[in-house]
$ cat my_file36.txt   # compact mmCIF, C-alpha atoms
# COMPACT_ATOMS: atom_id res chain seq x y z
CA MET E 1 -8.57 25.43 -97.97
CA GLN E 2 -8.41 27.03 -94.51
CA LEU E 3 -9.48 24.68 -91.74
CA SER E 4 -9.92 26.13 -88.28
CA SER E 5 -10.07 23.03 -86.06
CA ASN E 6 -7.39 22.25 -83.52
CA VAL E 7 -4.76 19.82 -84.81
CA TYR E 8 -3.31 17.01 -82.66
CA GLU E 9 -0.01 15.30 -83.53
CA VAL E 10 0.00 11.63 -82.60
CA THR E 11 2.56 8.90 -83.08
CA ASP E 12 0.56 6.01 -84.51
CA ILE E 13 -2.91 4.64 -85.21
CA GLY E 14 -3.22 3.24 -81.68
CA ALA E 15 -2.55 6.67 -80.24
CA VAL E 16 -5.22 8.15 -82.49
CA GLN E 17 -7.78 5.75 -81.05
CA GLU E 18 -6.76 6.48 -77.46
CA LEU E 19 -6.86 10.23 -78.05
CA TYR E 20 -10.41 10.09 -79.40
CA HIS E 21 -11.76 7.52 -76.92
CA SER E 22 -10.22 9.23 -73.90
CA ASN E 23 -11.78 12.56 -74.86
CA GLY E 24 -15.25 11.05 -75.30
CA TRP E 25 -15.19 11.70 -79.06
CA THR E 26 -16.34 8.26 -80.24
CA ASP E 27 -19.30 5.91 -80.07
CA GLY E 28 -17.05 3.30 -78.48
CA LEU E 29 -15.88 1.84 -81.78
CA PRO E 30 -12.56 2.66 -83.50
CA VAL E 31 -12.56 5.72 -85.75
CA VAL E 32 -10.86 6.60 -88.99
CA PRO E 33 -8.23 9.31 -88.30
CA PRO E 34 -9.70 12.61 -89.51
CA THR E 35 -6.69 14.05 -91.27
CA ARG E 36 -6.70 17.39 -93.05
CA GLU E 37 -6.50 15.64 -96.42
CA ALA E 38 -9.48 13.37 -95.78
CA VAL E 39 -11.62 16.19 -94.42
CA GLU E 40 -10.75 18.50 -97.31
CA ALA E 41 -11.66 15.76 -99.79
CA CYS E 42 -15.16 15.53 -98.30
CA LEU E 43 -15.63 19.31 -98.40
CA GLU E 44 -14.37 19.52 -101.99
CA TRP E 45 -16.67 16.71 -103.11
CA ALA E 46 -19.69 18.51 -101.63
CA MET E 47 -18.41 21.90 -102.85
CA LEU E 48 -18.62 23.37 -99.37
CA SER E 49 -16.23 25.79 -97.71
CA PRO E 50 -15.11 24.74 -94.22
CA ASP E 51 -16.98 27.61 -92.54
CA GLN E 52 -20.22 26.99 -94.43
CA LEU E 53 -23.00 26.92 -91.85
CA ILE E 54 -25.09 23.77 -92.25
CA GLY E 55 -27.44 25.13 -89.62
CA ILE E 56 -27.90 26.08 -85.98
CA GLU E 57 -29.44 23.87 -83.33
CA PRO E 58 -31.96 26.42 -82.08
CA VAL E 59 -32.43 25.47 -78.42
CA ARG E 60 -28.76 25.75 -77.41
CA ALA E 61 -27.84 28.03 -80.33
CA MET E 62 -25.03 25.68 -81.40
CA PRO E 63 -23.74 26.04 -84.96
CA VAL E 64 -22.95 23.07 -87.20
CA THR E 65 -20.32 23.92 -89.80
CA ALA E 66 -19.32 21.91 -92.85
CA GLU E 67 -15.80 21.44 -91.46
CA LYS E 68 -16.95 19.90 -88.19
CA LEU E 69 -19.49 17.71 -89.95
CA ALA E 70 -16.83 16.50 -92.39
CA ILE E 71 -14.43 15.63 -89.55
CA ASN E 72 -17.09 13.45 -87.96
CA ALA E 73 -18.03 11.91 -91.32
CA VAL E 74 -14.41 10.88 -91.92
CA MET E 75 -14.20 9.43 -88.41
CA ALA E 76 -17.32 7.34 -89.14
CA GLY E 77 -15.69 5.91 -92.25
CA CYS E 78 -17.35 8.08 -94.89
CA LEU E 79 -15.81 8.52 -98.30
CA PRO E 80 -16.22 11.92 -99.97
CA MET E 81 -19.15 10.59 -102.03
CA HIS E 82 -21.08 9.84 -98.84
CA PHE E 83 -20.69 13.35 -97.43
CA PRO E 84 -23.53 15.11 -99.34
CA VAL E 85 -25.96 12.62 -97.79
CA VAL E 86 -24.60 13.38 -94.31
CA VAL E 87 -24.92 17.13 -94.96
CA THR E 88 -28.49 16.73 -96.15
CA ALA E 89 -29.47 14.53 -93.21
CA MET E 90 -28.07 17.12 -90.78
CA THR E 91 -29.84 19.92 -92.69
CA ALA E 92 -33.12 18.04 -92.31
CA MET E 93 -32.47 17.40 -88.60
CA LEU E 94 -31.91 21.11 -88.01
CA ASP E 95 -35.36 21.94 -89.36
CA GLU E 96 -37.34 23.27 -86.40
CA LYS E 97 -40.08 20.67 -86.95
CA PHE E 98 -37.59 17.90 -86.12
CA LEU E 99 -37.04 19.26 -82.58
CA LEU E 100 -33.47 17.97 -82.59
CA HIS E 101 -32.57 18.97 -79.04
CA GLY E 102 -35.67 17.40 -77.51
CA ALA E 103 -35.32 14.24 -79.57
CA THR E 104 -31.65 13.72 -78.74
CA ALA E 105 -31.86 14.76 -75.08
CA SER E 106 -34.96 12.76 -74.18
CA THR E 107 -35.02 9.87 -71.73
CA GLY E 108 -37.04 8.18 -74.51
CA GLY E 109 -33.77 7.25 -76.20
CA CYS E 110 -34.67 7.50 -79.87
CA ALA E 111 -32.24 7.46 -82.79
CA VAL E 112 -32.29 9.30 -86.10
CA PHE E 113 -33.71 6.97 -88.76
CA ILE E 114 -32.48 8.00 -92.21
CA VAL E 115 -34.02 6.95 -95.54
CA ILE E 116 -32.12 7.70 -98.76
CA ASN E 117 -34.01 8.02 -102.05
CA GLY E 118 -33.08 8.76 -105.64
CA PRO E 119 -30.14 8.03 -107.94
CA ILE E 120 -27.49 8.77 -105.30
CA ARG E 121 -28.37 5.40 -103.66
CA LEU E 122 -26.97 3.58 -106.67
CA GLU E 123 -23.91 5.84 -106.92
CA ILE E 124 -22.89 5.19 -103.31
CA GLY E 125 -24.19 1.62 -103.01
CA ALA E 126 -26.84 2.29 -100.38
CA SER E 127 -28.66 -0.99 -100.43
CA GLY E 128 -32.25 -1.62 -99.54
CA GLY E 129 -31.84 -5.34 -100.02
CA PHE E 130 -30.57 -8.13 -97.77
CA ASN E 131 -30.38 -7.19 -94.10
CA ALA E 132 -31.76 -3.73 -94.92
CA LEU E 133 -31.99 -2.55 -91.31
CA GLY E 134 -28.77 -4.28 -90.29
CA ASN E 135 -25.25 -4.27 -91.68
CA SER E 136 -26.41 -4.22 -95.29
CA ASP E 137 -23.73 -2.10 -96.90
CA ARG E 138 -20.89 0.33 -96.34
CA ALA E 139 -22.74 3.51 -97.37
CA THR E 140 -25.70 3.27 -95.00
CA ALA E 141 -23.46 2.02 -92.18
CA VAL E 142 -21.09 4.99 -92.32
CA ILE E 143 -23.72 7.66 -93.08
CA GLY E 144 -25.83 6.68 -90.08
CA ARG E 145 -22.72 6.51 -87.92
CA ALA E 146 -21.56 9.94 -89.11
CA ILE E 147 -24.82 11.45 -87.87
CA ARG E 148 -24.36 9.85 -84.44
CA LEU E 149 -20.73 11.00 -84.14
CA ALA E 150 -21.74 14.51 -85.24
CA LEU E 151 -24.41 14.61 -82.55
CA ILE E 152 -21.90 13.45 -79.95
CA ASN E 153 -19.11 15.81 -80.90
CA ILE E 154 -20.73 18.90 -82.39
CA LEU E 155 -23.84 19.08 -80.20
CA ASP E 156 -22.54 17.32 -77.04
CA VAL E 157 -25.12 14.52 -77.32
CA ARG E 158 -23.07 12.17 -75.16
CA PRO E 159 -24.71 9.70 -72.79
CA GLY E 160 -25.12 11.46 -69.46
CA GLU E 161 -24.50 14.90 -70.97
CA ILE E 162 -27.14 16.15 -73.43
CA ASP E 163 -28.19 12.55 -74.17
CA ARG E 164 -30.32 11.53 -71.16
CA SER E 165 -31.64 8.30 -72.74
CA THR E 166 -32.68 5.71 -70.20
CA ILE E 167 -31.88 2.69 -72.38
CA GLY E 168 -31.55 3.93 -75.99
CA HIS E 169 -31.36 1.30 -78.73
CA PRO E 170 -28.85 -0.17 -81.19
CA GLY E 171 -29.98 2.21 -83.95
CA LYS E 172 -28.00 4.87 -82.11
CA PHE E 173 -24.85 3.43 -83.68
CA THR E 174 -26.27 3.75 -87.20
CA TYR E 175 -29.84 3.70 -88.53
CA CYS E 176 -29.96 4.26 -92.25
CA VAL E 177 -31.51 2.53 -95.26
CA GLY E 178 -31.66 3.14 -99.00
CA GLU E 179 -35.15 2.43 -100.34
CA ASP E 180 -35.31 -0.43 -102.86
CA GLU E 181 -36.82 1.71 -105.63
CA GLU E 182 -35.86 -0.65 -108.45
CA ASP E 183 -37.77 -3.64 -107.14
CA THR E 184 -41.16 -2.05 -106.60
CA THR E 185 -43.89 -0.36 -108.59
CA TRP E 186 -44.53 2.08 -105.76
CA LEU E 187 -43.45 5.71 -105.66
CA PRO E 188 -40.32 6.36 -103.60
CA LEU E 189 -40.84 7.69 -100.08
CA ALA E 190 -39.34 11.09 -100.94
CA GLU E 191 -41.69 11.52 -103.88
CA MET E 192 -44.65 10.62 -101.67
CA ARG E 193 -43.42 13.42 -99.41
CA GLY E 194 -43.32 16.05 -102.14
CA MET E 195 -39.84 15.79 -103.61
CA PRO E 196 -39.59 16.01 -107.40
CA PRO E 197 -39.38 12.70 -109.30
CA GLY E 198 -35.77 11.62 -109.80
CA ALA E 199 -34.35 13.89 -107.09
CA SER E 200 -31.97 12.37 -104.57
CA SER E 201 -33.34 13.06 -101.12
CA VAL E 202 -32.94 12.22 -97.47
CA THR E 203 -35.75 11.70 -94.96
CA VAL E 204 -35.03 11.79 -91.22
CA MET E 205 -37.30 10.62 -88.43
CA ALA E 206 -36.77 10.54 -84.66
CA ALA E 207 -37.40 6.86 -84.15
CA GLY E 208 -37.57 4.04 -81.70
CA ALA E 209 -36.10 0.61 -82.39
CA PRO E 210 -37.59 -1.45 -85.23
CA ARG E 211 -40.31 -3.90 -84.21
CA GLN E 212 -40.09 -6.91 -86.51
CA ILE E 213 -43.22 -8.67 -87.80
CA MET E 214 -43.74 -11.79 -89.92
CA ASN E 215 -46.67 -12.97 -92.01
CA GLU E 216 -45.97 -15.61 -94.68
CA TRP E 217 -49.40 -17.24 -94.59
CA THR E 218 -51.53 -15.02 -96.80
CA THR E 219 -51.49 -13.10 -100.07
CA ASP E 220 -54.32 -10.78 -99.03
CA PRO E 221 -53.05 -7.20 -98.58
CA ARG E 222 -55.52 -6.61 -95.78
CA GLU E 223 -54.24 -9.54 -93.79
CA ILE E 224 -50.59 -8.66 -94.42
CA LEU E 225 -51.15 -5.06 -93.38
CA GLU E 226 -53.23 -6.12 -90.40
CA THR E 227 -50.04 -7.62 -88.97
CA PHE E 228 -48.26 -4.28 -89.32
CA ALA E 229 -51.26 -2.47 -87.80
CA ALA E 230 -51.30 -4.93 -84.90
CA GLU E 231 -47.65 -4.16 -84.15
CA MET E 232 -48.49 -0.47 -84.17
CA ARG E 233 -51.37 -1.13 -81.78
CA ALA E 234 -48.90 -2.98 -79.56
CA ASN E 235 -46.65 0.10 -79.60
CA LEU E 236 -49.63 2.28 -78.63
CA ARG E 237 -50.22 -0.03 -75.68
CA HIS E 238 -46.70 -0.75 -74.53
CA TYR E 239 -44.96 2.52 -75.34
CA SER E 240 -46.96 5.66 -76.11
CA LEU E 241 -50.55 6.52 -76.99
CA HIS E 242 -49.54 9.60 -78.92
CA ALA E 243 -49.97 9.72 -82.69
CA GLY E 244 -46.93 10.58 -84.79
CA ASN E 245 -44.88 9.54 -87.79
CA TYR E 246 -44.49 5.78 -88.06
CA ALA E 247 -42.40 4.05 -90.74
CA ILE E 248 -43.13 0.57 -92.02
CA ILE E 249 -40.57 -1.48 -93.92
CA ILE E 250 -42.21 -3.83 -96.44
CA PRO E 251 -39.97 -6.51 -98.00
CA LYS E 252 -40.21 -7.78 -101.56
CA GLN E 253 -42.15 -10.95 -100.75
CA LEU E 254 -44.93 -9.01 -99.07
CA ARG E 255 -44.74 -6.13 -101.56
CA GLU E 256 -45.45 -8.46 -104.44
CA HIS E 257 -48.72 -9.63 -102.90
CA ILE E 258 -49.79 -6.08 -102.09
CA GLN E 259 -48.78 -4.75 -105.51
CA ALA E 260 -50.51 -7.65 -107.32
CA ALA E 261 -53.76 -6.58 -105.67
CA GLY E 262 -53.22 -3.09 -107.10
CA TRP E 263 -52.56 -1.35 -103.80
CA SER E 264 -50.43 1.82 -103.80
CA LYS E 265 -48.53 3.30 -100.86
CA ALA E 266 -51.47 5.69 -100.37
CA ASP E 267 -53.86 2.71 -100.16
CA ILE E 268 -51.57 1.09 -97.58
CA ALA E 269 -51.44 4.27 -95.50
CA ALA E 270 -55.24 4.67 -95.63
CA PHE E 271 -55.72 1.08 -94.41
CA ILE E 272 -53.15 1.37 -91.63
CA HIS E 273 -54.53 4.73 -90.53
CA GLU E 274 -57.91 3.09 -90.05
CA ARG E 275 -56.65 -0.06 -88.31
CA ALA E 276 -53.82 1.16 -86.07
CA ARG E 277 -55.76 2.64 -83.17
CA ILE E 278 -56.83 1.57 -79.70
CA PRO E 279 -59.19 2.69 -76.95
CA ARG E 280 -57.38 4.07 -73.94
CA ARG E 281 -58.89 1.37 -71.73
CA GLU E 282 -56.41 -1.14 -73.25
CA TRP E 283 -53.71 0.47 -71.12
CA ALA E 284 -55.31 -1.27 -68.16
CA ASP E 285 -54.50 -4.62 -69.85
CA VAL E 286 -50.78 -3.87 -69.85
CA GLY E 287 -50.28 -2.56 -66.35
CA LYS E 288 -50.99 1.13 -67.02
CA GLY E 289 -54.50 1.27 -65.61
CA ALA E 290 -53.55 4.15 -63.29
CA VAL E 291 -53.71 6.64 -66.15
CA VAL E 292 -56.84 5.39 -67.94
CA ARG E 293 -59.06 7.43 -65.59
CA ASP E 294 -62.44 8.33 -67.13
CA ARG E 295 -61.14 8.28 -70.69
CA GLY E 296 -61.29 4.53 -71.31
CA ASP E 297 -63.51 4.85 -74.37
CA SER E 298 -61.38 7.54 -76.05
CA ILE E 299 -59.83 6.25 -79.27
CA TYR E 300 -56.14 6.88 -79.92
CA PRO E 301 -54.95 6.47 -83.54
CA ALA E 302 -51.28 5.82 -84.27
CA LEU E 303 -51.50 8.23 -87.20
CA GLU E 304 -53.32 11.56 -87.17
CA SER E 305 -53.63 11.22 -90.93
CA PRO E 306 -52.51 8.62 -93.51
CA GLU E 307 -49.74 10.95 -94.75
CA HIS E 308 -47.95 10.51 -91.44
CA LEU E 309 -47.06 6.92 -92.36
CA LEU E 310 -43.67 6.50 -94.06
CA VAL E 311 -43.95 3.42 -96.28
CA VAL E 312 -40.50 2.13 -97.29
CA ALA E 313 -39.77 -0.71 -99.72
CA ALA E 314 -36.72 -2.54 -98.40
CA GLY E 315 -35.46 -5.96 -97.40
CA GLY E 316 -34.03 -9.10 -98.96
CA PRO E 317 -35.84 -10.91 -101.77
CA ALA E 318 -37.21 -13.75 -99.67
CA GLY E 319 -39.09 -13.80 -96.40
CA GLY E 320 -42.29 -12.32 -95.08
CA PHE E 321 -40.46 -10.20 -92.51
CA GLY E 322 -41.25 -6.53 -92.16
CA ALA E 323 -40.79 -3.88 -89.52
CA VAL E 324 -42.65 -1.10 -87.81
CA ILE E 325 -40.47 1.82 -86.78
CA PRO E 326 -42.29 3.86 -84.16
CA PRO E 327 -41.86 7.55 -83.42
CA TRP E 328 -39.79 8.82 -80.53
CA LEU E 329 -42.85 10.35 -78.88
CA GLY E 330 -45.96 11.26 -80.87
CA HIS E 331 -45.67 14.26 -83.12
CA LYS E 332 -43.28 16.23 -80.94
CA SER E 333 -40.72 15.57 -83.66
CA GLN E 334 -41.89 15.44 -87.26
CA ALA E 335 -40.18 13.57 -90.07
CA VAL E 336 -38.40 15.91 -92.51
CA THR E 337 -37.42 15.28 -96.13
CA VAL E 338 -34.80 17.40 -97.90
CA ALA E 339 -33.44 17.08 -101.44
CA ILE E 340 -29.68 16.64 -101.71
CA GLY E 341 -28.06 19.80 -102.99
CA ALA E 342 -31.12 21.93 -102.25
CA CYS E 343 -30.32 25.21 -100.59
CA VAL E 344 -33.13 25.96 -98.18
CA ASP E 345 -32.21 29.58 -97.50
CA CYS E 346 -30.59 30.72 -100.75
CA GLU E 347 -31.95 33.74 -102.57
CA PRO E 348 -33.85 32.73 -105.70
CA PRO E 349 -31.80 33.35 -108.86
CA LYS E 350 -32.40 36.81 -110.35
CA GLY E 351 -33.62 37.37 -113.90
CA MET X 1 3.22 6.30 -88.98
CA ARG X 2 2.56 9.73 -87.49
CA PHE X 3 -0.83 11.40 -87.80
CA ALA X 4 -2.02 15.00 -87.61
CA VAL X 5 -5.71 14.73 -86.76
CA LEU X 6 -8.47 17.26 -86.26
CA ASP X 7 -10.68 18.10 -83.30
CA PRO X 8 -14.24 16.86 -83.99
CA THR X 9 -15.96 18.96 -81.32
CA ASN X 10 -17.61 22.33 -81.67
CA GLU X 11 -14.67 23.96 -79.81
CA ARG X 12 -17.11 26.46 -78.37
CA SER X 13 -19.57 26.38 -75.51
CA ALA X 14 -23.27 26.90 -75.90
CA PRO X 15 -23.99 30.59 -75.39
CA LEU X 16 -25.47 31.17 -71.96
CA GLY X 17 -27.99 33.82 -70.99
CA GLN X 18 -27.00 36.61 -68.60
CA LEU X 19 -27.83 35.77 -65.00
CA ALA X 20 -30.20 38.24 -63.33
CA PRO X 21 -29.02 39.91 -60.10
CA ARG X 22 -29.43 37.56 -57.09
CA PRO X 23 -32.17 38.55 -54.63
CA GLY X 24 -30.88 39.22 -51.11
CA SER X 25 -33.91 37.65 -49.45
CA LEU X 26 -36.95 35.67 -50.55
CA ARG X 27 -39.31 37.46 -48.18
CA GLY X 28 -42.21 39.14 -49.98
CA LYS X 29 -40.98 38.00 -53.37
CA THR X 30 -42.88 36.40 -56.28
CA VAL X 31 -41.50 33.08 -57.46
CA GLY X 32 -42.48 31.43 -60.74
CA PHE X 33 -42.34 27.68 -61.34
CA ILE X 34 -42.05 26.36 -64.87
CA SER X 35 -42.92 22.69 -64.93
CA ASN X 36 -42.33 20.46 -67.91
CA GLY X 37 -45.63 18.79 -67.06
CA LYS X 38 -44.24 15.40 -66.09
CA GLU X 39 -45.80 13.48 -63.23
CA GLY X 40 -42.74 13.84 -60.99
CA THR X 41 -42.93 17.64 -61.03
CA LYS X 42 -46.23 17.70 -59.15
CA GLY X 43 -44.94 16.52 -55.80
CA PHE X 44 -41.64 18.37 -56.20
CA PHE X 45 -43.18 21.76 -56.92
CA ALA X 46 -45.98 21.32 -54.35
CA HIS X 47 -43.35 20.70 -51.67
CA LEU X 48 -41.19 23.58 -52.84
CA ASP X 49 -44.21 25.91 -52.93
CA ARG X 50 -45.01 25.09 -49.29
CA MET X 51 -41.39 25.44 -48.23
CA LEU X 52 -40.88 28.80 -49.93
CA ARG X 53 -44.03 30.29 -48.40
CA GLU X 54 -43.74 28.82 -44.89
CA GLU X 55 -40.01 28.85 -44.30
CA PHE X 56 -38.79 31.70 -46.49
CA GLY X 57 -41.73 34.13 -46.50
CA VAL X 58 -42.29 34.13 -50.24
CA ALA X 59 -45.41 36.20 -50.98
CA GLN X 60 -46.62 34.48 -54.12
CA VAL X 61 -45.86 31.38 -56.15
CA VAL X 62 -47.00 31.29 -59.79
CA SER X 63 -47.07 27.84 -61.40
CA ARG X 64 -46.94 27.37 -65.13
CA THR X 65 -46.67 24.19 -67.19
CA LYS X 66 -45.07 23.88 -70.63
CA SER X 67 -47.30 22.55 -73.40
CA ASN X 68 -44.48 20.28 -74.65
CA TYR X 69 -42.12 18.82 -72.09
CA SER X 70 -39.43 18.20 -74.69
CA ALA X 71 -39.31 21.75 -76.05
CA PRO X 72 -38.43 25.16 -74.61
CA ALA X 73 -41.12 26.95 -72.60
CA ASP X 74 -43.96 28.48 -74.61
CA GLY X 75 -43.58 32.15 -75.53
CA TRP X 76 -46.48 33.22 -73.33
CA ILE X 77 -44.80 31.66 -70.30
CA VAL X 78 -41.43 33.24 -71.09
CA GLY X 79 -43.27 36.55 -71.43
CA GLU X 80 -44.52 36.27 -67.85
CA ILE X 81 -41.07 35.79 -66.35
CA ALA X 82 -40.45 39.54 -66.29
CA ASN X 83 -43.22 39.81 -63.66
CA TRP X 84 -41.50 37.40 -61.28
CA ASP X 85 -38.55 37.99 -58.96
CA MET X 86 -37.14 34.54 -59.67
CA VAL X 87 -37.96 31.38 -61.56
CA VAL X 88 -37.50 27.70 -60.76
CA THR X 89 -37.58 25.00 -63.38
CA GLY X 90 -36.66 21.33 -63.40
CA ILE X 91 -36.98 18.23 -65.50
CA GLY X 92 -39.05 16.28 -62.97
CA ASP X 93 -38.22 12.80 -64.31

$ encode --input "my_file36.txt" --output "structure tokens"
Amino acid sequence: MQLSSNVYEVTDIGAVQELYHSNGWTDGLPVVPPTREAVEACLEWAMLSPDQLIGIEPVRAMPVTAEKLAINAVMAGCLPMHFPVVVTAMTAMLDEKFLLHGATASTGGCAVFIVINGPIRLEIGASGGFNALGNSDRATAVIGRAIRLALINILDVRPGEIDRSTIGHPGKFTYCVGEDEEDTTWLPLAEMRGMPPGASSVTVMAAGAPRQIMNEWTTDPREILETFAAEMRANLRHYSLHAGNYAIIIPKQLREHIQAAGWSKADIAAFIHERARIPRREWADVGKGAVVRDRGDSIYPALESPEHLLVVAAGGPAGGFGAVIPPWLGHKSQAVTVAIGACVDCEPPKG
Amino acid sequence: MRFAVLDPTNERSAPLGQLAPRPGSLRGKTVGFISNGKEGTKGFFAHLDRMLREEFGVAQVVSRTKSNYSAPADGWIVGEIANWDMVVTGIGD
């Protein structure tokens, strides 16, 4: 296998860390040394040649090759079996609808929220259980981190360079979850978004920090979901009035009440779509009266349509804690779902 | 233990467009402004407009605003650039 990256000879593991930190090649945490052997193992696992083009970031015309992505995946701690998920996440992010440059350069400081669906979750141990949005497992930790390191190193998304985030959020270290498909009757997110049943898929969304909610005092789906909708209304007030993709994380304890009442993900989305909206005049209540002007009675929904809500089953088995994950900024960036192993620009097979 | 490790960066710069020839003087020229539409651009471009006309003799200032401040300028705006002698843009945050 012919790799083309520059090679640096260093004396020990400490020198590796200093080399990478001093060049601005890390997220501030130690990295796994990206040796030729480790990088080649990732490429072989994913059956990709080093020069395979994963895609081109269109605004700055910057290519992302399999070799460079694998180097960053190894640095993040990925094993070869994690690499196809990293490749698919990057493929999805390079879809024009994602607006990768805008999302990663913005002062808004969003991160790339990644949801893994399908059998690959079980193969790599991507958990949607305890601590789902935190340090739940090795796979989601390193996959999310690989995407951040790839942005930093391949596309120059370093703080103060391309990344102009004012404050950012902790999801910029890693922000990845495997949906808990086994412990719900609902369809997986990827299937709701058009992927074939049983396919392993990755969904990416340019996302703000999770906003945690709690409601352990009802079994009524409407009341449970009203709490989620209220948090979305709060985001409309405190952050942005623009409608876009929102994700909601519903844990097992709350899922069981909602499922027992016969509600599907589509029912949830229809309810939230109706409830998560505010009149513009509410901006005056939170110190933003200067921009209400004569549009106080205009209604601003969080979702343009119910399909824009990403409903994800995840979280530990006990506790009425859920989360709303808001969009970076309205629908400027759209969530994208791609099946693992799918070639988006291959010629269809002949005959 | 010695390590041979690989460079994680793109090892290439973003391709840059070709710079147009520099105008010798601003007098009588047409200047285009491309604003990203953020609040801060209004005062900045209004001041620059006045300065270019009053102090540098610019004949005309054409102001255009992008429909999405996070994305490249709309095609119809880019299409107009050929009619201008120079263009000024800024993030205005």

$ closest_residue --input "my_file36.txt" --among "E:Ala313, E:Met192, E:Ala126, E:Leu151" --to "chain X" --atoms "all atoms listed in the file"
E:Leu151

$ atom_distance --input "my_file36.txt" --atom1 "CA of Asn153 in chain E" --atom2 "CA of Met62 in chain E"
11.5 Å

$ interface_residues --input "my_file36.txt" --of "chain X" --to "chain E" --cutoff "9 Å" --atoms "all atoms listed in the file" --output "JSON, numbers by chain"
{"X": [1, 2, 3, 4, 5, 6, 7, 8, 9, 10, 11, 12, 13, 14, 15, 16, 68, 69, 70, 71, 72, 93]}

$ residues_around --input "my_file36.txt" --residues "range 50-63 of chain X" --least-positions-apart "2" --cutoff "7 Å" --atoms "only C-alpha atoms" --output "ChimeraX atom specification"
/X:26-34,46-48,65

$ atom_distance --input "my_file36.txt" --atom1 "CA of Lys265 in chain E" --atom2 "CA of Val142 in chain E"
28.8 Å

$ atom_distance --input "my_file36.txt" --atom1 "CA of Gly14 in chain E" --atom2 "CA of Leu29 in chain E"
12.7 Å

$ closest_residue --input "my_file36.txt" --among "E:Ile250, E:Ala339, E:Ile143, E:Ile278" --to "Ala318 in chain E" --atoms "only C-alpha atoms"
E:Ile250

$ residues_near_point --input "my_file36.txt" --point "(-37.7, 23.7, -63.0)" --cutoff "9 Å" --atoms "all atoms listed in the file" --output "list of chain:residue names"
X:Phe33, X:Ile34, X:Ser35, X:Asn36, X:Thr41, X:Phe45, X:Val87, X:Val88, X:Thr89, X:Gly90, X:Ile91, X:Gly92

$ write_last_selection --input "my_file36.txt" --atoms "C-alpha atoms" --output "PDB file, in the frame of the given file"
ATOM      1  CA  PHE X  33     -42.340  27.680 -61.340  1.00  0.00           C
ATOM      2  CA  ILE X  34     -42.050  26.360 -64.870  1.00  0.00           C
ATOM      3  CA  SER X  35     -42.920  22.690 -64.930  1.00  0.00           C
ATOM      4  CA  ASN X  36     -42.330  20.460 -67.910  1.00  0.00           C
ATOM      5  CA  THR X  41     -42.930  17.640 -61.030  1.00  0.00           C
ATOM      6  CA  PHE X  45     -43.180  21.760 -56.920  1.00  0.00           C
ATOM      7  CA  VAL X  87     -37.960  31.380 -61.560  1.00  0.00           C
ATOM      8  CA  VAL X  88     -37.500  27.700 -60.760  1.00  0.00           C
ATOM      9  CA  THR X  89     -37.580  25.000 -63.380  1.00  0.00           C
ATOM     10  CA  GLY X  90     -36.660  21.330 -63.400  1.00  0.00           C
ATOM     11  CA  ILE X  91     -36.980  18.230 -65.500  1.00  0.00           C
ATOM     12  CA  GLY X  92     -39.050  16.280 -62.970  1.00  0.00           C
TER      13      GLY X  92
END

$ residues_around --input "my_file36.txt" --residues "Gly134 in chain E" --least-positions-apart "5" --cutoff "12 Å" --atoms "only C-alpha atoms" --output "ChimeraX atom specification"
/E:127-129,140-141,144,170-171,173-178,209-210,314-316

$ residues_around --input "my_file36.txt" --residues "Pro251 in chain E" --least-positions-apart "3" --cutoff "12 Å" --atoms "only C-alpha atoms" --output "PyMOL selection string"
chain E and resi 128-133+179-181+183-184+212-216+224+248+254-259+311-324
